[in-house]
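J.: Okay, here's the structure, questions in a sec.
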2 protein chains.
Amino acid sequence: MKIELKYTQPSEIERQSMETISRILLEQGIHLAPENESVIRRVIHTTADFDYAQTLSFSPDAVEQGRAAIRRGACIVTDTRMAWSGINKKRLAEYGGEGFCFISDQDVVRLASDNSTTRAVASMEKASRIDRELIFAIGNAPTALVRLYELIAEGKLSPALVIGVPVGFVNVVESKELFVTGGPGQIQAPHIIARGRKGGSNVAAAIVNALLYGM
Amino acid sequence: MKIELKYTQPSEIERQSMETISRILLEQGIHLAPENESVIRRVIHTTADFDYAQTLSFSPDAVEQGRAAIRRGACIVTDTRMAWSGINKKRLAEYGGEGFCFISDQDVVRLASDNSTTRAVASMEKASRIDRELIFAIGNAPTALVRLYELIAEGKLSPALVIGVPVGFVNVVESKELFVTGGPGQIQAPHIIARGRKGGSNVAAAIVNALLYGM
């Protein structure tokens, strides 16, 4: 038995998908800011969820700042292996960057246990000691995003970009709003945030890949 | 600077999240079938997307059949490294099962090129030759799901369960409906399908983990 599919070439499928996304955005009367369009479209492509056209929030020039950092060889730090897996690390390596996820490292597990904190928090501590320009892509742990915020507010870290898209029902909205509003420390960190409850490791990876594919 | 969070223990966050999900389902007047509830709730927990309460479609006893297969040592085959990464393989190993993803294997890359097909299809061909009981968790490639369908219709494969949750705009809905309706081959394969465009590697992994956590 052979099931015939109309489109089978990956490049054709991608073109066709992006065309459908454009049509639906048009039907819904949604206009995307040109500088953020490539990121928003790729997130919709990854999730088939048009809510992201409304919820993705960008600090001024966030996309261009992220791309400029990658061109300079910035590394990407994720909070989950899933997000790490989804990132096109081959493309990243063309600019000299690497992908890091420390969540399962033995020293991180020990640090988390010693400090009664989460492994996600401990993995951010470890990342903050890397002597490279960094982009953080947080798709799961609001505690990681909060710790990032604290490190930035304390002047211990200044990431090129924070992609903050944890998903969930507890601490998630609050952790993301810290970056959108600047929070009590009134920080101004370049960020791409998915406001509300939605997000995920797949969304984090899609945003990084959108930066990479639009270079 | 220290940002105080109300809940910080993972177990407490999970409890709190599930409570919120229950409340929202109640508010929306949605009642879940008891046998499918654990899967639907975990997918909502993973995505914060209540659409899945409506779109997840289960063949009779799919959840129980999946768990029984895992108890017998069934292995999980995914179409992406992301889905593979998200599966709790330690928990799976307690029952003797393993997680497989062949998408980047050299023989799969070669097979795809020789047969002018996608790597996803070639990885399903490879999986069909494993002499183990198998559960497939497909979160990305509709071509993989279609090839699975063909192999089942041809009598070359009989998976314990097909988790079919690709996401996207081309071939996606059609590939999933093959399993829901039985398609031209009128097959009856145990399945959990996310109808419509939505799904993803994160959803595929969440469904596998929901099976594992409810054993």
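In the structure tokens, the first chain shown is A, the next is B, and so on; residue numbers restart at 1 for each chain, and ligands run from 1 in the order shown.
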Enumerate, as a ChimeraX atom specification, the complete set of residues in segment 67-202 of chain A that a backbone-based DSSP assignment places in strand (DSSP E or B).
T.: /A:75-78,99-101,134-138,161-164,191-194
J.: Show me, as an NGL selection string, the residues of chain B whose atoms get within 9 Å of chain A, using only C-alpha atoms for the distance check.
T.: :B and (1-3 or 5-10 or 13-14 or 16-18 or 20-21 or 44-49 or 80-86 or 117-118 or 143 or 146-147 or 149-151 or 153-154 or 167-171 or 184-185 or 197-202)
J.: Hey, which bits of segment 39-135 of chain A sit within 12 Å of segment 25-34 of chain A, and for each residue what's the closest pair of atoms and how far apart in Å (one decimal), counting only C-alpha atoms, rows by chain and increasing number, as JSON lines?
T.:
{"residue": "A:Val39", "atom": "CA", "partner": "A:Pro34", "partner_atom": "CA", "distance": 10.0}
{"residue": "A:Ile40", "atom": "CA", "partner": "A:Leu32", "partner_atom": "CA", "distance": 8.0}
{"residue": "A:Arg41", "atom": "CA", "partner": "A:Leu32", "partner_atom": "CA", "distance": 9.1}
{"residue": "A:Ile44", "atom": "CA", "partner": "A:Leu25", "partner_atom": "CA", "distance": 10.3}
{"residue": "A:Ala48", "atom": "CA", "partner": "A:Leu25", "partner_atom": "CA", "distance": 11.8}
{"residue": "A:Asp49", "atom": "CA", "partner": "A:Leu25", "partner_atom": "CA", "distance": 11.2}
{"residue": "A:Phe50", "atom": "CA", "partner": "A:Leu25", "partner_atom": "CA", "distance": 8.0}
{"residue": "A:Asp51", "atom": "CA", "partner": "A:Leu25", "partner_atom": "CA", "distance": 10.7}
{"residue": "A:Tyr52", "atom": "CA", "partner": "A:Leu32", "partner_atom": "CA", "distance": 10.9}
{"residue": "A:Ala53", "atom": "CA", "partner": "A:Leu32", "partner_atom": "CA", "distance": 7.4}
{"residue": "A:Gln54", "atom": "CA", "partner": "A:Ile30", "partner_atom": "CA", "distance": 8.6}
{"residue": "A:Thr55", "atom": "CA", "partner": "A:Leu32", "partner_atom": "CA", "distance": 11.7}
{"residue": "A:Leu56", "atom": "CA", "partner": "A:Leu32", "partner_atom": "CA", "distance": 10.6}
{"residue": "A:Ser57", "atom": "CA", "partner": "A:Ala33", "partner_atom": "CA", "distance": 11.0}
{"residue": "A:Phe58", "atom": "CA", "partner": "A:Ala33", "partner_atom": "CA", "distance": 10.1}
{"residue": "A:Pro60", "atom": "CA", "partner": "A:Ala33", "partner_atom": "CA", "distance": 11.3}
{"residue": "A:Asp61", "atom": "CA", "partner": "A:Pro34", "partner_atom": "CA", "distance": 11.1}
{"residue": "A:Val63", "atom": "CA", "partner": "A:Pro34", "partner_atom": "CA", "distance": 10.6}
{"residue": "A:Glu64", "atom": "CA", "partner": "A:Pro34", "partner_atom": "CA", "distance": 11.6}
J.: Which residues in segment 44-123 of chain B does DSSP call helix (DSSP H, G or I)? List them as a PyMOL selection string.
T.: chain B and resi 44-47+52-55+62-71+81-86+89-93+106-114+119-123
J.: Hey, can you spit out that residue selection with C-alpha atoms as a JSON list (two decimals), in the first residue's frame?
T.:
[["chain", "number", "residue", "atom", "x", "y", "z"],
["B", 44, "ILE", "CA", -1.63, 20.26, 28.94],
["B", 45, "HIS", "CA", 1.00, 20.51, 31.69],
["B", 46, "THR", "CA", 3.71, 20.40, 29.00],
["B", 47, "THR", "CA", 2.11, 22.89, 26.61],
["B", 52, "TYR", "CA", -5.44, 19.15, 23.62],
["B", 53, "ALA", "CA", -8.40, 18.34, 25.87],
["B", 54, "GLN", "CA", -10.42, 18.35, 22.64],
["B", 55, "THR", "CA", -7.96, 17.14, 20.02],
["B", 62, "ALA", "CA", -4.80, 2.75, 24.07],
["B", 63, "VAL", "CA", -3.36, 4.01, 27.37],
["B", 64, "GLU", "CA", -3.68, 0.65, 29.09],
["B", 65, "GLN", "CA", -2.27, -1.15, 26.05],
["B", 66, "GLY", "CA", 0.73, 1.20, 26.03],
["B", 67, "ARG", "CA", 1.38, 0.62, 29.73],
["B", 68, "ALA", "CA", 1.02, -3.14, 29.38],
["B", 69, "ALA", "CA", 3.57, -3.10, 26.54],
["B", 70, "ILE", "CA", 6.01, -1.06, 28.64],
["B", 71, "ARG", "CA", 5.58, -3.56, 31.50],
["B", 81, "ARG", "CA", 16.34, 13.58, 19.03],
["B", 82, "MET", "CA", 14.20, 16.17, 20.83],
["B", 83, "ALA", "CA", 11.45, 13.65, 21.58],
["B", 84, "TRP", "CA", 14.07, 11.08, 22.55],
["B", 85, "SER", "CA", 15.68, 13.62, 24.91],
["B", 86, "GLY", "CA", 12.38, 14.36, 26.60],
["B", 89, "LYS", "CA", 14.59, 6.70, 29.75],
["B", 90, "LYS", "CA", 15.67, 5.82, 33.30],
["B", 91, "ARG", "CA", 12.07, 5.04, 34.19],
["B", 92, "LEU", "CA", 11.64, 3.12, 30.92],
["B", 93, "ALA", "CA", 14.75, 1.05, 31.68],
["B", 106, "GLN", "CA", 24.73, 6.79, 8.98],
["B", 107, "ASP", "CA", 22.85, 3.84, 7.46],
["B", 108, "VAL", "CA", 19.60, 5.82, 7.68],
["B", 109, "VAL", "CA", 21.13, 8.85, 5.98],
["B", 110, "ARG", "CA", 22.45, 6.55, 3.22],
["B", 111, "LEU", "CA", 19.16, 4.67, 2.86],
["B", 112, "ALA", "CA", 17.22, 7.95, 2.57],
["B", 113, "SER", "CA", 19.57, 9.19, -0.12],
["B", 114, "ASP", "CA", 19.55, 5.86, -2.04],
["B", 119, "ARG", "CA", 15.49, 10.38, 6.78],
["B", 120, "ALA", "CA", 12.35, 10.13, 8.89],
["B", 121, "VAL", "CA", 10.96, 7.47, 6.54],
["B", 122, "ALA", "CA", 14.26, 5.61, 6.43],
["B", 123, "SER", "CA", 14.43, 5.66, 10.24]]
J.: Skip Glu177 of chain A itself and residues of its chain fewer than 5 positions away, then list as a compact mmCIF listing (two decimals) with N, CA and C atoms, in the first residue's frame all residues within 10 Å of it, counting only C-alpha atoms.
T.:
# COMPACT_ATOMS: atom_id res chain seq x y z
N GLY A 164 13.36 33.86 26.89
CA GLY A 164 12.68 33.38 28.09
C GLY A 164 11.30 32.87 27.75
N VAL A 172 5.62 30.80 36.26
CA VAL A 172 6.03 30.96 34.87
C VAL A 172 5.77 32.39 34.37
N GLY A 182 11.20 44.79 33.47
CA GLY A 182 12.46 45.23 34.10
C GLY A 182 12.53 44.81 35.56
N GLY A 183 11.35 44.54 36.15
CA GLY A 183 11.30 44.01 37.52
C GLY A 183 11.82 44.97 38.57
N ILE A 193 10.63 37.19 24.92
CA ILE A 193 9.84 36.54 25.96
C ILE A 193 8.50 36.12 25.38
N ALA A 194 8.04 34.90 25.72
CA ALA A 194 6.67 34.49 25.38
C ALA A 194 5.81 34.78 26.60
N ARG A 195 5.06 35.89 26.54
CA ARG A 195 4.23 36.25 27.70
C ARG A 195 3.12 35.23 27.89
N GLY A 196 2.65 35.11 29.13
CA GLY A 196 1.60 34.15 29.43
C GLY A 196 2.19 32.80 29.81
J.: For the atom pair atom CA of Leu157 of chain B and atom CA of Phe100 of chain B, what is the interatomic distance in Å to one decimal place?
T.: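 The value is 16.3 Å.
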J.: Please list as an NGL selection string every residue within 8 Å of Ala210 of chain A, counting only C-alpha atoms and excluding residues in the same chain fewer than 4 positions away.
T.: :A and (38-39 or 42 or 206 or 214)
J.: At a cut-off of 7 Å, using only C-alpha atoms, what residues contact segment 133-136 of chain B? Leave out same-chain residues fewer than 4 positions from it and give the result as a PyMOL selection string.
T.: chain B and resi 74-78+159-163
J.: What is the atom CA of Ala137 of chain B-atom CA of Ile207 of chain B distance in Å, reported with one decimal?
T.: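 So the answer is 8.4 Å.
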J.: One decimal, in Å: what's the spacing between atom CA of Arg72 of chain B and atom CA of Arg132 of chain B?
T.: 10.2 Å
J.: B:Ala144, B:Met124, B:Met215, B:Val208: which is nearest Asn88 of chain B, counting only C-alpha atoms?
T.: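 Comparing B:Ala144, B:Met124, B:Met215, B:Val208 against Asn88 of chain B, the winner is B:Val208.
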J.: With distances taken over only C-alpha atoms, which residue among A:Glu94, A:Glu37, A:Asp105, A:Asp131 lies nearest Lys156 of chain A?
T.: A:Asp131
